[in-house]
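Next up, start.cif (mmCIF, C-alpha atoms and all ligand atoms):
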data_upload
#
loop_
_atom_site.label_atom_id
_atom_site.label_comp_id
_atom_site.auth_asym_id
_atom_site.auth_seq_id
_atom_site.Cartn_x
_atom_site.Cartn_y
_atom_site.Cartn_z
CA MET A 1 6.21 -170.53 51.46
CA THR A 2 9.56 -169.23 50.29
CA THR A 3 11.11 -166.65 52.62
CA ILE A 4 11.61 -163.39 50.72
CA TYR A 5 14.83 -161.42 51.02
CA ASN A 6 14.78 -157.99 49.44
CA PHE A 7 18.18 -156.64 48.30
CA SER A 8 16.85 -153.34 46.92
CA ALA A 9 19.16 -150.32 47.15
CA GLY A 10 16.29 -148.11 48.27
CA PRO A 11 13.51 -147.82 49.07
CA ALA A 12 14.69 -150.90 50.86
CA VAL A 13 13.86 -153.63 53.32
CA LEU A 14 12.58 -152.52 56.74
CA PRO A 15 12.65 -154.59 59.93
CA LYS A 16 9.67 -156.96 59.94
CA GLU A 17 8.97 -156.10 63.61
CA VAL A 18 8.61 -152.44 62.68
CA LEU A 19 6.16 -153.19 59.88
CA GLN A 20 4.15 -155.45 62.19
CA GLN A 21 3.98 -152.77 64.86
CA ALA A 22 2.95 -150.14 62.31
CA ALA A 23 0.26 -152.50 61.00
CA ALA A 24 -1.07 -153.11 64.52
CA GLU A 25 -1.17 -149.36 65.19
CA MET A 26 -2.39 -148.34 61.74
CA LEU A 27 -6.04 -147.62 62.56
CA ASP A 28 -5.72 -146.54 66.19
CA TRP A 29 -2.42 -145.20 67.51
CA HIS A 30 -2.14 -145.82 71.27
CA GLY A 31 -5.89 -145.46 71.90
CA SER A 32 -6.06 -142.05 70.23
CA GLY A 33 -8.71 -143.31 67.81
CA MET A 34 -6.60 -141.97 64.92
CA SER A 35 -4.03 -143.26 62.53
CA VAL A 36 -0.71 -141.38 62.75
CA MET A 37 -1.42 -140.32 59.16
CA GLU A 38 -4.54 -138.47 60.30
CA MET A 39 -3.03 -136.52 63.18
CA SER A 40 -2.23 -132.84 63.21
CA HIS A 41 1.52 -132.37 63.25
CA ARG A 42 0.94 -129.78 65.98
CA GLY A 43 -1.13 -132.02 68.25
CA PRO A 44 0.32 -133.57 71.43
CA GLU A 45 0.23 -137.11 69.97
CA PHE A 46 2.40 -136.34 66.98
CA ILE A 47 4.67 -133.98 68.94
CA SER A 48 5.40 -136.89 71.31
CA ILE A 49 6.19 -139.16 68.34
CA TYR A 50 8.46 -136.51 66.85
CA ARG A 51 10.35 -135.80 70.05
CA ALA A 52 10.92 -139.50 70.74
CA ALA A 53 12.26 -140.01 67.20
CA GLU A 54 14.58 -137.03 67.53
CA ARG A 55 15.84 -138.16 70.93
CA ASP A 56 16.38 -141.77 69.86
CA LEU A 57 18.34 -140.74 66.78
CA ARG A 58 20.41 -138.38 68.94
CA ASP A 59 21.14 -141.25 71.37
CA LEU A 60 21.96 -143.76 68.64
CA LEU A 61 24.51 -141.53 66.94
CA ALA A 62 25.60 -139.76 70.16
CA VAL A 63 24.85 -136.45 68.46
CA PRO A 64 26.42 -133.64 70.53
CA ASP A 65 24.19 -130.92 72.00
CA ASN A 66 25.51 -128.27 69.63
CA TYR A 67 24.00 -130.07 66.63
CA ARG A 68 20.42 -129.86 65.42
CA ILE A 69 18.61 -132.81 63.90
CA LEU A 70 16.23 -131.74 61.12
CA PHE A 71 13.64 -133.94 59.47
CA MET A 72 13.15 -132.41 56.05
CA GLN A 73 11.70 -133.33 52.66
CA GLY A 74 13.08 -133.35 49.14
CA GLY A 75 15.52 -136.25 49.44
CA GLY A 76 19.28 -136.33 49.24
CA LEU A 77 19.24 -134.65 45.84
CA SER A 78 17.48 -131.54 47.09
CA GLN A 79 20.12 -131.18 49.82
CA ASN A 80 22.70 -130.95 47.03
CA ALA A 81 21.19 -127.48 46.40
CA VAL A 82 20.00 -126.75 49.94
CA ILE A 83 23.49 -127.24 51.38
CA PRO A 84 25.27 -124.66 49.21
CA MET A 85 22.30 -122.30 49.61
CA ASN A 86 22.77 -122.55 53.40
CA LEU A 87 26.55 -122.60 53.58
CA VAL A 88 28.20 -120.50 50.87
CA GLY A 89 26.81 -117.23 52.27
CA ARG A 90 29.45 -117.48 55.02
CA LYS A 91 32.20 -116.65 52.48
CA ARG A 92 32.89 -113.65 50.27
CA ASP A 93 34.07 -115.59 47.21
CA PRO A 94 32.97 -119.11 48.07
CA VAL A 95 34.68 -122.24 46.80
CA VAL A 96 33.27 -125.66 47.60
CA ASP A 97 35.62 -128.66 47.62
CA PHE A 98 34.49 -132.09 46.50
CA ILE A 99 35.93 -135.57 46.44
CA HIS A 100 34.46 -137.33 43.42
CA THR A 101 34.12 -141.00 44.32
CA GLY A 102 31.17 -142.05 42.17
CA SER A 103 27.72 -141.33 40.81
CA TRP A 104 26.22 -139.57 43.83
CA SER A 105 29.12 -137.23 44.56
CA GLY A 106 29.12 -136.53 40.80
CA LYS A 107 25.52 -135.35 41.02
CA SER A 108 26.32 -133.25 44.07
CA ILE A 109 29.16 -131.52 42.19
CA LYS A 110 26.89 -130.59 39.29
CA GLU A 111 24.23 -129.15 41.55
CA ALA A 112 26.61 -127.20 43.80
CA ALA A 113 28.18 -125.61 40.71
CA ARG A 114 24.91 -123.72 40.25
CA TYR A 115 25.53 -121.85 43.52
CA ALA A 116 29.29 -121.61 43.99
CA LYS A 117 32.67 -122.19 42.44
CA VAL A 118 33.43 -125.89 42.72
CA ASN A 119 36.87 -127.43 43.13
CA VAL A 120 37.08 -131.16 42.57
CA ALA A 121 39.94 -131.72 44.99
CA ALA A 122 40.34 -135.37 44.00
CA SER A 123 38.58 -137.72 41.63
CA ALA A 124 38.47 -141.49 41.33
CA GLN A 125 37.28 -141.25 37.74
CA GLU A 126 40.47 -142.72 36.26
CA SER A 127 39.98 -145.85 38.39
CA ARG A 128 36.34 -145.96 37.24
CA TYR A 129 35.27 -145.27 40.82
CA THR A 130 36.75 -148.36 42.37
CA ARG A 131 38.73 -146.64 45.11
CA VAL A 132 39.03 -143.46 47.15
CA PRO A 133 41.96 -141.31 45.99
CA PRO A 134 44.62 -141.23 48.76
CA GLN A 135 44.39 -138.14 50.92
CA SER A 136 47.96 -137.18 50.01
CA GLU A 137 46.63 -136.41 46.49
CA TRP A 138 43.70 -134.22 47.57
CA LYS A 139 44.06 -130.58 46.51
CA LEU A 140 41.95 -128.92 49.18
CA THR A 141 41.15 -125.19 49.24
CA PRO A 142 42.47 -123.65 52.51
CA ASP A 143 39.34 -121.57 53.16
CA ALA A 144 36.70 -123.58 51.32
CA ALA A 145 33.06 -122.98 52.31
CA TYR A 146 32.94 -126.72 52.97
CA LEU A 147 34.27 -130.08 51.79
CA HIS A 148 31.60 -132.43 50.43
CA LEU A 149 32.03 -136.20 50.52
CA CYS A 150 29.68 -139.04 49.72
CA THR A 151 30.83 -141.47 52.38
CA ASN A 152 29.04 -144.41 50.77
CA GLU A 153 28.53 -144.47 47.01
CA THR A 154 25.38 -146.55 46.63
CA ILE A 155 25.86 -147.38 42.93
CA ASP A 156 29.62 -147.87 42.84
CA GLY A 157 29.82 -149.69 46.18
CA VAL A 158 32.65 -147.51 47.53
CA GLU A 159 32.73 -146.54 51.20
CA ILE A 160 35.00 -143.96 52.83
CA ASP A 161 35.98 -145.51 56.14
CA PHE A 162 38.00 -142.61 57.56
CA VAL A 163 37.43 -138.98 58.48
CA PRO A 164 39.72 -136.83 56.36
CA GLU A 165 42.11 -134.18 57.64
CA VAL A 166 40.85 -130.78 56.52
CA PRO A 167 42.19 -127.23 56.79
CA ALA A 168 41.12 -125.57 60.06
CA GLY A 169 37.62 -124.17 59.97
CA VAL A 170 36.46 -126.06 56.85
CA PRO A 171 33.33 -128.05 57.71
CA ILE A 172 32.98 -131.54 56.29
CA VAL A 173 29.59 -132.21 54.70
CA ALA A 174 28.86 -135.91 54.35
CA ASP A 175 26.17 -137.57 52.24
CA MET A 176 25.56 -140.67 54.37
CA SER A 177 22.27 -141.60 52.65
CA SER A 178 23.13 -145.24 52.17
CA HIS A 179 25.15 -146.07 55.29
CA ILE A 180 23.88 -143.82 58.06
CA LEU A 181 23.28 -145.88 61.25
CA SER A 182 25.24 -148.83 59.83
CA ARG A 183 28.47 -147.95 61.59
CA GLN A 184 29.67 -145.72 64.38
CA VAL A 185 30.57 -142.16 63.42
CA ASP A 186 32.07 -139.31 65.37
CA VAL A 187 29.46 -136.67 64.55
CA ALA A 188 31.64 -133.91 66.02
CA LYS A 189 34.09 -134.35 63.13
CA TYR A 190 31.44 -133.22 60.63
CA GLY A 191 29.69 -129.93 59.97
CA VAL A 192 26.72 -131.53 58.26
CA ILE A 193 25.56 -135.13 57.87
CA PHE A 194 22.60 -135.77 55.62
CA GLY A 195 20.71 -138.56 53.94
CA GLY A 196 17.43 -139.69 52.48
CA ALA A 197 15.64 -142.09 54.82
CA GLN A 198 14.73 -144.77 52.32
CA LYS A 199 17.70 -147.09 52.95
CA ASN A 200 18.59 -147.43 56.61
CA ILE A 201 16.03 -145.20 58.31
CA GLY A 202 12.51 -145.63 56.98
CA PRO A 203 10.25 -144.79 54.07
CA ALA A 204 11.13 -142.38 51.26
CA GLY A 205 10.02 -138.81 51.86
CA VAL A 206 12.02 -138.05 55.00
CA THR A 207 15.45 -136.44 54.70
CA VAL A 208 17.57 -136.32 57.82
CA VAL A 209 20.00 -133.42 58.23
CA ILE A 210 22.31 -133.20 61.24
CA VAL A 211 23.94 -129.78 61.32
CA ARG A 212 26.24 -127.93 63.72
CA ASP A 213 24.67 -124.83 65.28
CA ASP A 214 27.16 -122.29 63.92
CA LEU A 215 26.40 -123.38 60.34
CA ILE A 216 22.76 -122.39 60.69
CA GLY A 217 21.56 -118.90 59.86
CA HIS A 218 23.57 -118.09 56.73
CA ALA A 219 21.07 -118.94 53.98
CA LEU A 220 21.28 -117.03 50.71
CA PRO A 221 18.29 -114.76 49.98
CA ILE A 222 17.28 -117.09 47.12
CA CYS A 223 17.00 -120.08 49.48
CA PRO A 224 13.34 -121.15 49.76
CA SER A 225 12.12 -120.44 53.31
CA ALA A 226 11.17 -124.07 53.89
CA PHE A 227 14.75 -125.10 53.03
CA ASP A 228 16.45 -122.50 55.22
CA TRP A 229 17.88 -124.66 58.03
CA LYS A 230 17.28 -121.77 60.48
CA ASN A 231 13.53 -121.86 59.87
CA VAL A 232 13.47 -125.64 60.08
CA ALA A 233 15.55 -125.75 63.28
CA GLU A 234 13.62 -122.99 65.03
CA ASN A 235 10.35 -124.77 64.34
CA GLU A 236 11.34 -128.32 65.33
CA SER A 237 11.10 -129.37 61.65
CA MET A 238 7.57 -127.96 61.53
CA PHE A 239 8.08 -124.75 59.59
CA ASN A 240 5.93 -126.51 57.05
CA THR A 241 4.07 -129.79 57.50
CA PRO A 242 6.70 -132.48 57.98
CA PRO A 243 6.41 -135.99 56.50
CA THR A 244 4.62 -137.18 59.61
CA TYR A 245 4.04 -140.85 58.81
CA GLY A 246 7.62 -141.27 57.58
CA ILE A 247 8.95 -139.72 60.79
CA TYR A 248 6.77 -142.10 62.80
CA ILE A 249 8.17 -145.16 60.96
CA ALA A 250 11.70 -143.78 61.31
CA GLY A 251 11.05 -143.50 65.04
CA LEU A 252 10.02 -147.16 65.19
CA VAL A 253 13.21 -148.10 63.32
CA PHE A 254 15.28 -146.13 65.85
CA GLN A 255 13.58 -148.01 68.72
CA TRP A 256 14.24 -151.30 66.91
CA LEU A 257 17.92 -150.33 66.53
CA LYS A 258 18.15 -149.67 70.25
CA ARG A 259 16.67 -153.10 70.96
CA GLN A 260 19.32 -154.64 68.68
CA GLY A 261 22.02 -153.16 70.91
CA GLY A 262 22.52 -149.84 69.09
CA ILE A 263 24.94 -148.92 66.34
CA ALA A 264 27.99 -150.71 67.75
CA ALA A 265 26.15 -154.06 67.73
CA MET A 266 24.67 -153.33 64.32
CA GLU A 267 28.11 -152.50 62.93
CA GLN A 268 29.46 -155.89 64.06
CA ARG A 269 26.63 -157.64 62.25
CA ASN A 270 27.18 -155.55 59.16
CA ILE A 271 30.90 -156.45 59.15
CA GLU A 272 30.01 -160.13 59.35
CA LYS A 273 27.37 -159.92 56.60
CA ALA A 274 29.73 -158.09 54.25
CA ARG A 275 32.56 -160.56 54.99
CA LEU A 276 30.33 -163.50 54.09
CA LEU A 277 29.15 -161.98 50.84
CA TYR A 278 32.51 -160.70 49.56
CA ALA A 279 34.12 -164.07 50.39
CA ALA A 280 31.59 -165.82 48.15
CA LEU A 281 32.17 -163.30 45.34
CA ASP A 282 35.96 -163.64 45.63
CA ALA A 283 36.03 -167.45 45.87
CA ASP A 284 36.95 -167.77 42.19
CA ASP A 285 36.50 -165.66 39.07
CA PHE A 286 32.90 -166.66 38.37
CA TYR A 287 31.81 -163.37 39.95
CA GLN A 288 33.66 -160.10 40.18
CA ASN A 289 33.50 -157.09 42.49
CA ARG A 290 35.89 -154.47 41.11
CA VAL A 291 36.26 -152.23 44.17
CA ASP A 292 39.61 -151.99 45.97
CA PRO A 293 39.03 -154.23 49.03
CA GLN A 294 39.97 -151.38 51.37
CA TYR A 295 37.02 -149.30 50.14
CA ARG A 296 34.38 -151.94 49.57
CA SER A 297 31.01 -150.86 50.92
CA ARG A 298 29.47 -152.89 53.70
CA MET A 299 26.02 -151.81 52.52
CA ASN A 300 25.97 -151.92 48.72
CA VAL A 301 27.76 -154.74 46.95
CA PRO A 302 27.85 -154.44 43.16
CA PHE A 303 29.09 -157.48 41.26
CA TYR A 304 29.30 -158.88 37.75
CA LEU A 305 29.05 -162.37 36.34
CA ARG A 306 32.16 -163.18 34.31
CA ASP A 307 29.83 -164.49 31.62
CA GLU A 308 27.24 -161.75 31.35
CA SER A 309 25.08 -163.83 28.99
CA LYS A 310 24.01 -165.63 32.17
CA ASN A 311 22.60 -162.47 33.79
CA GLU A 312 18.95 -163.17 33.05
CA ALA A 313 19.23 -166.79 34.19
CA PHE A 314 20.95 -165.63 37.38
CA LEU A 315 18.18 -163.15 38.20
CA ALA A 316 15.40 -165.61 37.35
CA GLY A 317 16.96 -168.28 39.58
CA ALA A 318 17.38 -165.76 42.39
CA LYS A 319 13.77 -164.68 42.14
CA ALA A 320 12.60 -168.29 42.25
CA ARG A 321 14.47 -168.64 45.56
CA GLY A 322 12.91 -165.47 47.01
CA LEU A 323 16.04 -163.34 46.50
CA LEU A 324 14.66 -160.12 45.06
CA GLN A 325 15.90 -156.88 43.45
CA LEU A 326 19.45 -157.99 42.68
CA LYS A 327 19.69 -156.29 39.30
CA GLY A 328 22.45 -153.65 39.23
CA HIS A 329 21.81 -149.95 38.66
CA LYS A 330 21.09 -149.25 35.01
CA SER A 331 24.12 -146.95 34.70
CA VAL A 332 26.61 -149.72 35.55
CA GLY A 333 24.77 -152.97 34.79
CA GLY A 334 25.57 -156.26 36.47
CA MET A 335 24.15 -157.07 39.88
CA ARG A 336 23.96 -155.32 43.22
CA ALA A 337 23.06 -156.67 46.63
CA SER A 338 22.21 -154.03 49.20
CA ILE A 339 22.52 -155.43 52.70
CA TYR A 340 21.29 -152.68 54.97
CA ASN A 341 20.69 -153.00 58.73
CA ALA A 342 17.31 -154.66 58.23
CA MET A 343 18.76 -157.46 56.07
CA PRO A 344 19.26 -160.39 58.43
CA ILE A 345 22.36 -162.56 58.17
CA GLU A 346 20.05 -165.40 57.08
CA GLY A 347 19.26 -163.35 53.96
CA VAL A 348 22.95 -162.91 53.16
CA GLN A 349 23.53 -166.63 53.78
CA ALA A 350 20.66 -167.49 51.42
CA LEU A 351 22.26 -165.28 48.75
CA VAL A 352 25.68 -166.85 49.35
CA ASP A 353 24.19 -170.35 49.01
CA TYR A 354 22.63 -169.33 45.72
CA LEU A 355 25.86 -167.72 44.46
CA ASN A 356 27.67 -170.99 45.17
CA GLU A 357 24.96 -173.10 43.59
CA PHE A 358 24.75 -170.95 40.43
CA ALA A 359 28.55 -171.04 40.08
CA GLY A 360 28.42 -174.84 40.34
CA ARG A 361 30.61 -174.93 43.44
N1 LIG B 1 22.95 -139.79 47.78
C1 LIG B 1 23.08 -141.12 47.83
C2 LIG B 1 24.34 -141.69 48.39
C3 LIG B 1 22.05 -141.95 47.38
O1 LIG B 1 22.20 -143.28 47.43
C4 LIG B 1 20.87 -141.37 46.88
C5 LIG B 1 19.69 -142.19 46.43
N2 LIG B 1 19.93 -143.45 46.01
C6 LIG B 1 20.78 -139.98 46.82
C7 LIG B 1 21.82 -139.22 47.31
C8 LIG B 1 19.57 -139.31 46.29
O2 LIG B 1 18.57 -139.37 47.19
P1 LIG B 1 17.06 -139.00 46.85
O3 LIG B 1 16.62 -139.93 45.77
O4 LIG B 1 16.40 -139.23 48.16
O5 LIG B 1 17.04 -137.58 46.42
#
Kindly transcribe the structure held in the file into structure tokens.
Amino acid sequence: MTTIYNFSAGPAVLPKEVLQQAAAEMLDWHGSGMSVMEMSHRGPEFISIYRAAERDLRDLLAVPDNYRILFMQGGGLSQNAVIPMNLVGRKRDPVVDFIHTGSWSGKSIKEAARYAKVNVAASAQESRYTRVPPQSEWKLTPDAAYLHLCTNETIDGVEIDFVPEVPAGVPIVADMSSHILSRQVDVAKYGVIFGGAQKNIGPAGVTVVIVRDDLIGHALPICPSAFDWKNVAENESMFNTPPTYGIYIAGLVFQWLKRQGGIAAMEQRNIEKARLLYAALDADDFYQNRVDPQYRSRMNVPFYLRDESKNEAFLAGAKARGLLQLKGHKSVGGMRASIYNAMPIEGVQALVDYLNEFAGR
């Protein structure tokens, strides 16, 4: 049987070991006689699952004690509204700064503009989102309510690999949906880190928010109670029923990551996987990745065939070899290979072999 490698941008591949463990525990979790899906979120079984997941994520990212980890719902897009609703109330005439590096930060800008004045401090639009504008060009607001970045643009394949300098007191809010847990981060440099789970964490339906204590408790009156970080934090993410099964799978992924050696070890593997893939794309001009090499994402690798009339043949050949979901996002066309933590190097090597074969190398 052909080995299947799934390059979907999300929902995405999960570690096989995690799926096997979930399958083994599906009908009877640890002798409880219940599936995790059937448990009360307030019962001791689920509370133990929740607390282990929270602790393991805290360990993996070395989250300082003055940060809360919230497991919410609504996805990354809902946080685009939830974040301003929770943060702009700290200012009298709030301005939110944004760096526009691609599709997802673009969506965040539009949504935030419904709640506050938005300043696009820098935009990569003129480069068609193939680079991060140099910090020397950023026009930051000295007392902004916050600075929002998408540190990995999933569609454009652009990754911000540095923590920017910001005016004192301005919290950095980072959408890390598509690269959280793929590389080491200094959480203390951020006010808020958030992301949907469906790429590097677990199934869709869980949204992770890591927020510094002093940024909690300022929600606007219009903020729905279930999206007020204060309510969520005070109730251990159980102000309303949390996505219990998704949190359980996320917890298994966190344990798997620890067994792999944690984020530092994972980052080394991700560097190697990305190096292999970009080298194959750059070998000649048969394929093209248009992103400035300095800002190429290690997780999402968009590419084009020089001769786009071969696109369908490329995808059909890939599928026949078990290489799935390589079609690019509909807004940009071409191809995209997402190589998250759970994609083994063997999968990247299989794709590289196929790239070489299809190019007649
Ligand atoms: N931000 C980024 C970087 C994403 O990749 C995505 C989803 N692909 C989103 C936000 C939106 O997340 P959701 O669909 O969970 O709302």
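Note that CA of Pro302 in chain A and CA of Ser338 in chain A are 8.3 Å apart.
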| said: Please find the residues contacting ligand LIG 1 (chain B) at a distance of at most 8 Å between atoms, with all atoms listed in the file counted, and report them as a ChimeraX atom specification. | reply: /A:9-10,74-79,104-105,150-155,175-178,195-198,204-205,207
| task | Counting all atoms listed in the file, write as a ChimeraX atom specification all protein and nucleic acid residues lying at most 7 Å from (16.7, -120.2, 58.3) in the file's frame. | result | /A:216-217,219,225,228-232
Given only C-alpha atoms, how would the per-residue table for range 178-280 of chain A near range 13-33 of chain A read, listing every residue at most 7 Å away with its closest atom pair and distance in Å to one decimal, sorted by chain and number, as JSON lines?
{"residue": "A:Gly202", "atom": "CA", "partner": "A:Leu14", "partner_atom": "CA", "distance": 6.9}
{"residue": "A:Leu252", "atom": "CA", "partner": "A:Val18", "partner_atom": "CA", "distance": 6.0}
{"residue": "A:Val253", "atom": "CA", "partner": "A:Val18", "partner_atom": "CA", "distance": 6.4}
Listed atoms of range 273-284 of chain A, axis-aligned box, 4 Å per side: centre and edge lengths to one decimal in Å, as JSON?
{"center_x": 32.2, "center_y": -162.9, "center_z": 49.4, "size_x": 17.6, "size_y": 17.7, "size_z": 22.4}
| query | If you measure from CA of Ile109 in chain A to CA of Thr130 in chain A, what distance in Å do you get, rounded to one decimal? | reply |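 Computing the Euclidean distance for CA of Ile109 in chain A and CA of Thr130 in chain A yields 18.5 Å.
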Contacts of Tyr304 in chain A within 7 Å, all atoms listed in the file, excl. fewer than 6 positions in-chain, as a short mmCIF file (atom, residue, chain, number, x, y, z; two decimals) with C-alpha atoms, in the frame of the given file:
data_model
loop_
_atom_site.label_atom_id
_atom_site.label_comp_id
_atom_site.auth_asym_id
_atom_site.auth_seq_id
_atom_site.Cartn_x
_atom_site.Cartn_y
_atom_site.Cartn_z
CA TYR A 287 31.81 -163.37 39.95
CA GLN A 288 33.66 -160.10 40.18
CA ASN A 289 33.50 -157.09 42.49
CA GLY A 334 25.57 -156.26 36.47
CA MET A 335 24.15 -157.07 39.88
#
Which range 33-59 of chain A residues have any atom within 12 Å of an atom of range 256-260 of chain A, and for each, what is the nearest pair of atoms with distance in Å to one decimal, counting only C-alpha atoms, rows sorted by chain and number, as a tab-separated table?
residue	atom	partner	partner_atom	distance
A:Ala53	CA	A:Trp256	CA	11.5
A:Arg55	CA	A:Lys258	CA	11.8
A:Asp56	CA	A:Lys258	CA	8.1
A:Leu57	CA	A:Lys258	CA	9.6
A:Arg58	CA	A:Lys258	CA	11.6
A:Asp59	CA	A:Lys258	CA	9.0
Neighbours of point (26.5, -122.5, 66.6) within 12 Å, using only C-alpha atoms, written as a PDB file with C-alpha atoms, in the coordinates of the input:
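Final output, saved to point-v4.pdb:
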ATOM      1  CA  PRO A  64      26.420-133.640  70.530  1.00  0.00           C
ATOM      2  CA  ASP A  65      24.190-130.920  72.000  1.00  0.00           C
ATOM      3  CA  ASN A  66      25.510-128.270  69.630  1.00  0.00           C
ATOM      4  CA  TYR A  67      24.000-130.070  66.630  1.00  0.00           C
ATOM      5  CA  ARG A  68      20.420-129.860  65.420  1.00  0.00           C
ATOM      6  CA  GLY A 191      29.690-129.930  59.970  1.00  0.00           C
ATOM      7  CA  VAL A 211      23.940-129.780  61.320  1.00  0.00           C
ATOM      8  CA  ARG A 212      26.240-127.930  63.720  1.00  0.00           C
ATOM      9  CA  ASP A 213      24.670-124.830  65.280  1.00  0.00           C
ATOM     10  CA  ASP A 214      27.160-122.290  63.920  1.00  0.00           C
ATOM     11  CA  LEU A 215      26.400-123.380  60.340  1.00  0.00           C
ATOM     12  CA  ILE A 216      22.760-122.390  60.690  1.00  0.00           C
ATOM     13  CA  GLY A 217      21.560-118.900  59.860  1.00  0.00           C
ATOM     14  CA  HIS A 218      23.570-118.090  56.730  1.00  0.00           C
ATOM     15  CA  LYS A 230      17.280-121.770  60.480  1.00  0.00           C
ATOM     16  CA  ALA A 233      15.550-125.750  63.280  1.00  0.00           C
TER      17      ALA A 233
END
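Distance annotation: of A:Ala318, A:Met343, A:Val63, A:Leu324, the residue with the minimal separation from Leu355 in chain A is A:Ala318; atom set is all atoms listed in the file.
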| query | What is the distance between CA of Thr101 in chain A and CA of Ala274 in chain A, in Å to one decimal? | reply |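 Calculated distance between CA of Thr101 in chain A and CA of Ala274 in chain A is 20.2 Å.
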| message | I'd like the neighbourhood of range 117-129 of chain A as a PyMOL selection string, where a residue qualifies if any of its atoms comes within 10 Å (using all atoms listed in the file), though same-chain residues fewer than 4 positions away should be ignored. | response | chain A and resi 88+93-103+105-106+109-113+133-141+144-145+147-148+153+155-158+290-292
| field | Selection: 12 Å around Arg275 in chain A, all atoms listed in the file, excl. self and same-chain fewer than 4 positions, as a PyMOL selection string | value | chain A and resi 268-271+279-283+293+296-299+301+339+345+348-349+352
| task | Choose the residue, out of A:Met85, A:Ile201, A:Leu61, A:Cys223, that has the smallest atom-to-atom separation from Ile263 in chain A; count all atoms listed in the file. | result | A:Leu61
| request: Go through A:Tyr146, A:Tyr50, A:Phe254, A:Tyr190 one by one, measure the shortest atom-to-atom distance of each to Met266 in chain A using all atoms listed in the file, and give the residue with the smallest value. | output: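 Nearest to Met266 in chain A: A:Phe254.
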| request: Counting all atoms listed in the file, figure out which residue out of A:Ile47, A:Val185, A:Met1, A:Val192 gets nearest to Pro242 in chain A. | output: A:Ile47
